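Participant: data_10.txt is reproduced below (compact mmCIF, C-alpha atoms).
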# COMPACT_ATOMS: atom_id res chain seq x y z
CA MET H 1 137.67 50.80 93.67
CA GLU H 2 140.30 48.09 94.01
CA GLN H 3 141.63 46.77 90.75
CA VAL H 4 140.67 43.09 90.24
CA THR H 5 142.27 41.52 87.20
CA GLY H 6 142.69 37.80 87.75
CA LYS H 7 146.41 38.60 87.58
CA ARG H 8 147.17 39.14 91.23
CA VAL H 9 150.91 39.34 91.83
CA SER H 10 152.32 37.88 95.04
CA VAL H 11 155.55 39.73 95.77
CA ILE H 12 157.84 37.97 98.23
CA THR H 13 160.53 39.86 100.16
CA VAL H 14 163.15 37.93 102.12
CA VAL H 15 165.24 39.83 104.67
CA TYR H 16 167.60 39.35 107.58
CA ASN H 17 169.14 42.18 109.59
CA ASP H 18 168.77 44.85 106.91
CA ALA H 19 167.12 47.75 108.72
CA ALA H 20 168.99 50.16 106.45
CA SER H 21 167.26 48.94 103.27
CA ILE H 22 163.98 47.18 104.11
CA ARG H 23 161.85 50.33 104.24
CA GLY H 24 162.94 51.41 100.77
CA THR H 25 162.08 47.98 99.38
CA ILE H 26 158.63 48.00 100.99
CA GLU H 27 157.90 51.52 99.75
CA SER H 28 158.96 50.48 96.26
CA PHE H 29 156.28 47.78 96.34
CA PHE H 30 153.56 50.14 97.53
CA SER H 31 154.54 52.70 94.87
CA GLN H 32 153.48 50.29 92.13
CA THR H 33 150.49 51.43 90.05
CA TRP H 34 149.34 47.82 89.66
CA ALA H 35 146.78 47.47 92.45
CA ASP H 36 146.06 43.74 92.24
CA LYS H 37 149.06 42.71 94.32
CA GLU H 38 150.09 41.47 97.75
CA LEU H 39 153.31 41.67 99.72
CA ILE H 40 154.67 38.77 101.76
CA ILE H 41 157.72 39.42 103.97
CA ILE H 42 159.80 36.60 105.45
CA ASP H 43 162.25 37.88 108.04
CA GLY H 44 164.83 35.43 109.35
CA GLY H 45 164.57 36.64 112.95
CA SER H 46 166.36 39.97 112.63
CA THR H 47 167.75 41.65 115.73
CA ASP H 48 168.77 45.03 114.26
CA GLY H 49 165.35 46.71 114.13
CA THR H 50 164.23 45.23 110.79
CA ALA H 51 161.21 43.48 112.36
CA GLU H 52 160.10 46.71 114.01
CA ILE H 53 160.09 48.48 110.64
CA ILE H 54 158.08 45.66 109.07
CA LYS H 55 155.52 45.91 111.88
CA GLU H 56 154.78 49.49 110.84
CA TYR H 57 153.34 48.07 107.60
CA SER H 58 151.71 44.94 109.09
CA ASP H 59 148.12 46.00 108.34
CA ARG H 60 149.02 46.35 104.64
CA LEU H 61 150.83 43.03 104.28
CA ALA H 62 149.28 39.77 103.14
CA PHE H 63 151.60 37.87 105.49
CA TRP H 64 154.78 38.43 107.43
CA CYS H 65 156.81 36.62 110.04
CA SER H 66 160.08 37.07 111.89
CA GLU H 67 161.56 33.73 112.86
CA SER H 68 164.67 31.68 112.27
CA ASP H 69 164.91 29.65 109.08
CA GLU H 70 167.45 27.54 107.20
CA GLY H 71 168.65 30.30 104.93
CA LEU H 72 167.66 32.38 101.93
CA PHE H 73 166.01 29.68 99.82
CA ASP H 74 164.16 28.09 102.73
CA ALA H 75 162.72 31.55 103.43
CA MET H 76 161.78 31.97 99.76
CA ASN H 77 159.98 28.61 99.79
CA LYS H 78 158.15 29.73 102.92
CA GLY H 79 157.03 32.86 101.11
CA ILE H 80 155.76 30.84 98.15
CA SER H 81 153.61 28.74 100.49
CA HIS H 82 151.74 31.89 101.56
CA ALA H 83 151.22 33.29 98.02
CA ASN H 84 147.59 33.73 96.99
CA GLY H 85 148.14 35.40 93.63
CA GLN H 86 148.34 34.06 90.08
CA TRP H 87 151.95 35.25 89.68
CA VAL H 88 154.99 35.22 91.96
CA ASN H 89 157.80 37.78 91.96
CA PHE H 90 160.74 38.19 94.37
CA LEU H 91 161.76 41.63 95.61
CA ASN H 92 164.42 40.97 98.20
CA SER H 93 165.56 43.52 100.73
CA GLY H 94 167.84 46.12 99.18
CA ASP H 95 166.26 45.74 95.73
CA SER H 96 163.52 47.94 94.32
CA TYR H 97 161.37 48.21 91.24
CA ALA H 98 162.84 50.15 88.34
CA ASN H 99 159.85 52.49 88.21
CA SER H 100 156.28 52.81 89.49
CA HIS H 101 154.78 50.76 86.66
CA SER H 102 157.15 47.79 86.52
CA ILE H 103 154.54 45.25 87.62
CA ALA H 104 151.95 46.79 85.31
CA ASP H 105 154.37 46.55 82.39
CA ALA H 106 154.60 42.80 82.95
CA MET H 107 150.96 42.09 83.67
CA GLU H 108 149.63 44.24 80.82
CA SER H 109 151.97 42.71 78.25
CA PRO H 110 150.43 40.32 75.69
CA GLN H 111 152.82 37.62 76.92
CA ALA H 112 151.03 37.53 80.30
CA ASP H 113 148.16 35.62 78.70
CA LYS H 114 150.27 32.75 77.40
CA ALA H 115 153.71 32.56 79.05
CA ASP H 116 154.62 30.67 82.21
CA VAL H 117 157.54 32.98 83.01
CA ILE H 118 157.67 36.66 82.05
CA TYR H 119 160.95 38.47 82.54
CA GLY H 120 162.39 41.86 81.76
CA ASN H 121 165.51 43.99 82.06
CA SER H 122 167.34 45.13 85.17
CA ILE H 123 169.28 48.14 86.37
CA GLU H 124 172.53 47.53 88.26
CA ILE H 125 173.64 50.14 90.78
CA ALA H 126 177.40 50.35 91.29
CA PRO H 127 178.97 51.22 94.66
CA ASP H 128 179.54 54.80 93.45
CA GLY H 129 175.85 55.16 92.57
CA ALA H 130 176.25 54.79 88.81
CA ARG H 131 173.35 52.92 87.20
CA PHE H 132 173.83 50.42 84.38
CA PHE H 133 171.02 49.17 82.17
CA ILE H 134 171.19 45.36 81.87
CA LEU H 135 169.28 44.09 78.85
CA ALA H 136 167.96 40.57 79.34
CA GLY H 137 168.64 37.91 76.71
CA GLU H 138 166.18 35.85 74.73
CA PRO H 139 164.83 32.45 75.94
CA PRO H 140 167.17 30.24 73.82
CA GLU H 141 170.12 31.71 75.74
CA LEU H 142 168.82 29.92 78.86
CA GLU H 143 170.41 26.80 77.41
CA TYR H 144 173.78 28.25 78.45
CA TYR H 145 173.38 30.80 81.21
CA PRO H 146 170.85 32.85 83.24
CA CYS H 147 170.19 35.62 80.75
CA PHE H 148 168.05 37.64 83.15
CA ARG H 149 168.02 38.44 86.85
CA HIS H 150 165.68 36.34 88.97
CA GLY H 151 164.07 39.39 90.56
CA ALA H 152 163.07 40.65 87.11
CA ALA H 153 160.92 37.53 86.50
CA PHE H 154 157.27 36.74 87.17
CA VAL H 155 156.43 33.02 87.42
CA ARG H 156 152.91 31.63 87.33
CA ALA H 157 152.05 30.71 90.89
CA ASP H 158 150.83 27.19 90.07
CA VAL H 159 154.12 26.50 88.26
CA GLN H 160 156.19 28.06 91.05
CA LYS H 161 154.47 26.01 93.75
CA MET H 162 155.29 22.80 91.86
CA HIS H 163 158.94 23.89 91.52
CA LEU H 164 160.26 25.04 94.86
CA PHE H 165 163.93 25.76 95.48
CA ASP H 166 165.78 22.50 96.12
CA THR H 167 167.35 23.26 99.49
CA GLN H 168 168.76 19.72 99.61
CA ARG H 169 171.32 20.88 97.04
CA ILE H 170 172.51 23.98 98.88
CA LYS H 171 175.97 22.49 99.45
CA ASP H 172 176.21 21.49 95.79
CA LEU H 173 174.86 24.64 94.12
CA GLY H 174 175.06 27.31 96.80
CA PHE H 175 173.55 30.65 95.83
CA SER H 176 172.50 29.34 92.38
CA LEU H 177 169.40 27.45 93.49
CA ASP H 178 167.19 30.10 91.94
CA TRP H 179 168.92 29.60 88.58
CA GLN H 180 168.56 25.83 88.96
CA MET H 181 164.80 26.24 89.46
CA LEU H 182 164.47 28.47 86.40
CA HIS H 183 166.62 26.19 84.25
CA ASN H 184 164.45 23.23 85.32
CA LEU H 185 161.40 25.12 84.08
CA TYR H 186 163.14 25.83 80.77
CA SER H 187 164.24 22.19 80.39
CA GLU H 188 160.71 20.97 81.09
CA GLY H 189 159.32 23.07 78.27
CA TYR H 190 157.60 25.88 80.14
CA LEU H 191 157.15 28.99 78.04
CA PHE H 192 159.47 31.94 78.79
CA ALA H 193 158.79 35.41 77.37
CA HIS H 194 161.08 38.44 77.41
CA ILE H 195 159.44 41.86 77.63
CA ASN H 196 161.71 44.78 76.85
CA LYS H 197 160.84 46.66 80.03
CA ASP H 198 162.86 47.58 83.12
CA ILE H 199 161.59 45.56 86.08
CA GLN H 200 164.00 45.75 89.04
CA GLN H 201 167.14 47.53 90.13
CA TYR H 202 169.71 46.00 92.44
CA GLN H 203 173.01 46.72 94.16
CA ARG H 204 176.03 45.28 92.36
CA GLU H 205 177.43 43.62 95.45
CA GLY H 206 175.35 40.69 96.70
CA THR H 207 175.38 37.06 97.78
CA SER H 208 175.97 35.84 94.22
CA ASN H 209 178.83 38.25 93.43
CA HIS H 210 181.33 35.40 92.96
CA PRO H 211 181.80 35.18 89.19
CA LEU H 212 184.08 32.12 88.92
CA LYS H 213 182.02 30.11 91.37
CA SER H 214 178.90 31.20 89.47
CA LEU H 215 180.36 29.82 86.25
CA TRP H 216 181.03 26.44 87.87
CA TYR H 217 177.52 26.29 89.34
CA ASN H 218 176.14 27.32 85.96
CA TYR H 219 177.99 24.51 84.19
CA LYS H 220 176.63 21.92 86.63
CA ILE H 221 173.08 23.23 86.29
CA THR H 222 172.98 23.49 82.49
CA THR H 223 174.63 20.09 81.90
CA GLU H 224 172.52 18.32 84.53
CA LYS H 225 175.47 16.03 85.33
CA ARG H 226 175.97 15.15 81.65
CA TRP H 227 179.13 15.86 79.67
CA SER H 228 178.86 18.77 77.23
CA ILE H 229 181.87 20.05 75.30
CA ARG H 230 179.93 23.12 74.13
CA LYS H 231 179.03 24.16 77.66
CA LEU H 232 182.49 23.35 78.95
CA LEU H 233 183.97 25.64 76.31
CA TYR H 234 181.45 28.32 77.24
CA MET H 235 182.48 28.03 80.90
CA LEU H 236 186.19 28.19 80.05
CA LYS H 237 185.73 31.19 77.77
CA SER H 238 183.67 33.03 80.38
CA GLY H 239 186.14 32.08 83.11
CA LEU H 240 189.04 33.45 81.10
CA ARG H 241 187.19 36.69 80.67
CA GLN H 242 186.55 36.93 84.41
CA ILE H 243 190.22 36.33 85.17
CA MET H 244 191.19 39.09 82.75
CA ILE H 245 188.81 41.66 84.22
CA GLY H 246 190.78 44.69 85.32
CA SER H 247 193.97 43.63 83.58
CA ALA H 248 195.82 45.68 80.97
CA PHE H 249 195.29 42.88 78.45
CA GLU H 250 191.52 43.05 78.94
CA LYS H 251 191.51 46.83 78.64
CA TRP H 252 193.36 46.73 75.33
CA THR H 253 191.36 43.78 73.99
CA ILE H 254 187.98 45.29 74.82
CA ALA H 255 189.05 48.62 73.39
CA PHE H 256 190.12 46.94 70.16
CA ILE H 257 186.91 44.92 69.81
CA ASN H 258 184.36 47.55 70.87
CA GLU H 259 186.09 50.80 69.99
CA PHE H 260 188.72 50.49 67.27
CA MET H 261 186.95 47.81 65.22
CA VAL H 262 183.48 49.37 65.57
CA ASN H 263 184.32 53.02 65.01
CA TYR H 264 187.48 53.00 62.87
CA LEU H 265 187.69 49.78 60.85
CA LEU H 266 184.03 48.83 60.29
CA PRO H 267 183.08 52.22 58.80
CA VAL H 268 185.60 51.54 56.02
CA VAL H 269 183.65 48.42 55.01
CA PRO H 270 181.19 49.56 52.30
CA PHE H 271 178.76 46.66 52.81
CA TRP H 272 176.15 46.43 55.59
CA LEU H 273 176.04 42.64 55.96
CA PRO H 274 179.56 42.15 57.44
CA ARG H 275 179.09 45.22 59.65
CA ARG H 276 175.79 43.83 60.90
CA LEU H 277 177.27 40.39 61.60
CA TYR H 278 180.15 41.88 63.59
CA LEU H 279 177.90 44.15 65.64
CA LYS H 280 175.61 41.25 66.50
CA MET H 281 178.59 39.08 67.37
CA ILE H 282 179.77 41.57 70.01
CA GLY H 283 176.30 41.89 71.53
CA LEU H 284 174.38 44.66 69.75
CA LYS H 285 170.81 43.46 69.14
CA ILE H 286 169.33 44.51 65.82
CA GLY H 287 166.13 43.35 64.14
CA LYS H 288 165.26 42.48 60.57
CA LYS H 289 165.74 45.08 57.84
CA SER H 290 167.21 47.59 60.31
CA PHE H 291 170.28 49.47 59.14
CA ILE H 292 173.10 51.57 60.59
CA MET H 293 174.86 53.72 58.02
CA ARG H 294 178.62 54.17 58.00
CA ARG H 295 180.34 56.83 60.12
CA SER H 296 178.07 56.56 63.14
CA TYR H 297 179.90 56.40 66.48
CA ILE H 298 178.85 53.57 68.80
CA VAL H 299 179.75 53.27 72.49
CA ALA H 300 179.05 50.06 74.48
CA PRO H 301 177.28 48.21 71.64
CA ARG H 302 176.21 45.29 73.83
CA HIS H 303 173.83 47.61 75.70
CA ILE H 304 172.03 48.70 72.52
CA SER H 305 168.88 47.06 71.16
CA ILE H 306 167.29 48.06 67.85
CA GLY H 307 163.99 46.62 66.60
CA ASP H 308 162.81 45.87 63.06
CA TYR H 309 162.78 48.24 60.07
CA SER H 310 164.64 51.05 61.84
CA HIS H 311 167.25 53.27 60.18
CA ILE H 312 170.23 55.06 61.76
CA ASN H 313 171.72 57.69 59.43
CA ARG H 314 175.35 58.88 59.13
CA GLY H 315 177.12 60.77 61.87
CA CYS H 316 174.96 59.60 64.77
CA LEU H 317 176.27 59.03 68.30
CA LEU H 318 174.82 55.97 70.03
CA ASP H 319 176.09 56.03 73.62
CA GLY H 320 174.93 52.67 74.97
CA ARG H 321 176.63 52.79 78.38
CA GLY H 322 173.32 53.24 80.20
CA GLY H 323 171.31 51.21 77.70
CA ILE H 324 169.58 52.28 74.49
CA THR H 325 166.38 50.63 73.30
CA ILE H 326 165.16 51.63 69.83
CA GLY H 327 161.85 50.19 68.67
CA ASN H 328 160.45 49.27 65.27
CA ASN H 329 160.15 51.61 62.27
CA VAL H 330 162.26 54.35 63.88
CA SER H 331 163.98 56.95 61.69
CA VAL H 332 167.10 58.51 63.20
CA SER H 333 168.31 61.36 61.00
CA HIS H 334 171.90 62.48 60.38
CA ASN H 335 174.05 63.61 63.31
CA VAL H 336 171.58 62.67 66.04
CA SER H 337 173.14 62.14 69.49
CA ILE H 338 171.59 59.61 71.89
CA VAL H 339 173.52 60.09 75.12
CA THR H 340 173.02 57.82 78.15
CA GLY H 341 176.24 58.77 79.98
CA GLY H 342 176.92 61.82 82.08
CA HIS H 343 178.19 63.13 85.40
CA ASP H 344 176.62 64.42 88.59
CA TYR H 345 177.72 68.07 88.60
CA ARG H 346 176.86 68.26 92.32
CA SER H 347 179.30 65.48 93.17
CA LYS H 348 182.72 66.50 94.50
CA THR H 349 184.17 63.47 92.73
CA PHE H 350 182.35 64.20 89.42
CA GLU H 351 180.45 60.91 89.81
CA GLY H 352 179.45 59.15 86.60
CA ARG H 353 175.77 58.52 85.82
CA TYR H 354 174.53 56.08 83.19
CA LEU H 355 170.78 56.05 82.63
CA PRO H 356 168.74 54.38 79.86
CA ILE H 357 167.04 55.91 76.85
CA LYS H 358 164.03 54.39 75.08
CA ILE H 359 162.92 55.34 71.59
CA GLU H 360 159.57 53.70 70.90
CA ASP H 361 158.03 52.56 67.60
CA TYR H 362 157.52 54.99 64.68
CA VAL H 363 159.57 57.80 66.25
CA TRP H 364 161.35 60.26 63.96
CA LEU H 365 164.42 62.00 65.38
CA GLY H 366 165.27 65.05 63.28
CA ILE H 367 168.73 66.02 62.06
CA ASN H 368 171.18 67.24 64.75
CA SER H 369 168.74 66.53 67.59
CA THR H 370 170.00 65.31 70.98
CA ILE H 371 168.31 62.86 73.34
CA LEU H 372 169.72 62.98 76.87
CA GLN H 373 169.80 60.22 79.49
CA ASN H 374 166.79 58.82 81.35
CA VAL H 375 164.34 59.81 78.61
CA THR H 376 161.59 57.88 76.82
CA VAL H 377 160.43 59.17 73.44
CA GLY H 378 156.92 57.81 73.07
CA GLU H 379 155.47 55.96 70.10
CA GLY H 380 154.98 58.01 66.96
CA ALA H 381 156.60 61.14 68.39
CA VAL H 382 158.67 63.57 66.30
CA VAL H 383 161.75 65.40 67.61
CA CYS H 384 162.45 68.37 65.36
CA ALA H 385 165.86 69.26 63.93
CA GLY H 386 168.29 70.63 66.50
CA ALA H 387 166.03 69.95 69.50
CA VAL H 388 167.51 68.87 72.84
CA VAL H 389 165.25 66.42 74.69
CA THR H 390 165.71 66.43 78.47
CA LYS H 391 162.47 64.80 79.61
CA ASP H 392 159.99 62.20 78.35
CA VAL H 393 158.14 62.90 75.12
CA GLU H 394 154.51 61.80 75.02
CA PRO H 395 153.36 59.52 72.18
CA TYR H 396 152.40 61.21 68.90
CA THR H 397 153.58 64.66 69.98
CA ILE H 398 155.95 66.90 68.04
CA VAL H 399 158.63 68.63 70.10
CA GLY H 400 161.21 71.24 69.21
CA GLY H 401 163.58 73.75 70.74
CA VAL H 402 166.15 73.82 73.53
CA PRO H 403 164.98 72.33 75.78
CA ALA H 404 162.39 70.58 73.65
CA LYS H 405 158.74 71.52 74.16
CA VAL H 406 155.53 70.34 72.54
CA ILE H 407 154.73 72.29 69.38
CA GLY H 408 152.23 69.98 67.73
CA THR H 409 150.76 66.50 67.36
CA ARG H 410 151.02 63.69 64.84
CA PRO H 411 148.17 61.47 63.56
CA LYS H 412 147.88 57.95 64.97
CA GLY H 413 147.50 54.75 62.98
CA LEU H 414 150.96 54.96 61.42
CA ASP H 415 151.81 52.14 59.04
CA TYR H 416 155.19 52.24 57.32
CA HIS H 417 158.70 50.79 57.43
CA CYS H 418 161.99 52.71 57.47
CA ILE H 419 164.02 50.84 54.86
CA TRP H 420 167.33 51.92 53.31
CA ASP H 421 168.88 49.68 50.69
CA SER H 422 171.30 51.96 48.85
CA PRO H 423 174.66 50.20 48.17
CA PHE H 424 177.94 51.29 49.78
CA THR H 425 176.28 53.10 52.71
The structure in this file should be written as structure tokens.

Facilitator:
Amino acid sequence: MEQVTGKRVSVITVVYNDAASIRGTIESFFSQTWADKELIIIDGGSTDGTAEIIKEYSDRLAFWCSESDEGLFDAMNKGISHANGQWVNFLNSGDSYANSHSIADAMESPQADKADVIYGNSIEIAPDGARFFILAGEPPELEYYPCFRHGAAFVRADVQKMHLFDTQRIKDLGFSLDWQMLHNLYSEGYLFAHINKDIQQYQREGTSNHPLKSLWYNYKITTEKRWSIRKLLYMLKSGLRQIMIGSAFEKWTIAFINEFMVNYLLPVVPFWLPRRLYLKMIGLKIGKKSFIMRRSYIVAPRHISIGDYSHINRGCLLDGRGGITIGNNVSVSHNVSIVTGGHDYRSKTFEGRYLPIKIEDYVWLGINSTILQNVTVGEGAVVCAGAVVTKDVEPYTIVGGVPAKVIGTRPKGLDYHCIWDSPFT
């Protein structure tokens, strides 16, 4: 029986001459477990075989056309006009959903009943195939910059149809018209909600891969033609960082901030408050009453998110290169390794791979255990001492061994906080 929820999602795919990627994008849509959905494809009159591929799926599409248009955002507006769902999401050619339940994660979240825009995290795929977990920011950050990727957002259809992309400003704002639309929604008081779920993955190179131009467009959008010293300073600071990318100065500066300070100087500080403030300043997200003891080793802190009342003991390795999400009330015992980085042993060039790890609420990771990349440890699960986890752990199960296997279960209804308040730790 077809799932009917009152939360039909209209997914709009815009494409032009991309026969190499369009099939993968379409299949990603149909792989979604959320059944109450429709796919609308707007092709700009492709001549490379793209339209022929789309035709193969025509009986499963809500609407599709292949005709000339006035560019990307005109095509996106055309797609919106054909949307019949309660929510709108864009999945452009070459992009795909992060997993089979990305739409379900958004629609089943509590925020779907009250927010106007729901957005999640993204996965960036580098030219060499490496995947990087991109954690979205919180709504207040929209005052300064687009803290999430447009494709990772779901907008209520009635709101979206009242706020089309302003194609009259294409010469003024170029590829940033989607950000202008979202910022307009934020400025008008519509409710944005961040869900800590992976929604879409995308190729690093794209139409908006022009960082300095993006900063200028961003300044114009966020100031709305009004002078703002704060936003000007933000633009200048971000521009300086872009200019430094790849330079020796940047390499040494980043290494000092994220490596030497975090792992060699901060552990000497015997008080948690200054350590916490520094870690948050450089991008690590950590909730109330959570605590990281001294002598843990942290890699790529800005890709690490820790919820409330969670405790990281001494000697742990937090490798955030692929993204680490730790929930609420999580206990991480001494010398636990959470490793998101690795290499493809089949690659002749020893290609790097960076895949996310999620540790859900009330998990207990035992002493000397190891969690390897692309793993989710479900709510309430226990990983026994010395275990090596190579695949997902189901909620409320107990796993042990190398590789870890289920050896028991844990009762549900857990209700406690992991709090550590001993001085000098």

Participant: Name the closest residue to Ile357 (chain H) among the candidates H:Met181, H:Ala106, H:Ala153, H:Ile306; distances are taken between atoms, counting only C-alpha atoms.

Facilitator: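 Distance minimum relative to Ile357 (chain H) lands on H:Ile306.
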
Participant: Looking at H:Ser96, H:Phe30, H:Met107, H:Gly408, which one is nearest to Val9 (chain H), with distances taken over only C-alpha atoms?

Facilitator: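 Comparing H:Ser96, H:Phe30, H:Met107, H:Gly408 against Val9 (chain H), the winner is H:Met107.
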
Participant: Show me, as JSON, the centre and edge lengths in Å to one decimal of the axis-aligned box that covers every listed atom of region 323-341 of chain H with 8 Å on each side.

Facilitator:
{"center_x": 168.2, "center_y": 56.4, "center_z": 70.2, "size_x": 32.1, "size_y": 30.3, "size_z": 35.6}

Participant: For the atom pair CA of Tyr119 (chain H) and CA of Leu91 (chain H), what is the interatomic distance in Å to one decimal place?

Facilitator: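 Atom-to-atom, CA of Tyr119 (chain H) to CA of Leu91 (chain H), that is 13.5 Å.
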
Participant: Can you work out which one of H:Gln32, H:Ser214, H:Gln373, H:Thr223 has the shortest atom-to-atom distance to Asn184 (chain H), counting only C-alpha atoms?

Facilitator: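 Once distances to Asn184 (chain H) are computed over only C-alpha atoms, the minimum belongs to H:Thr223.
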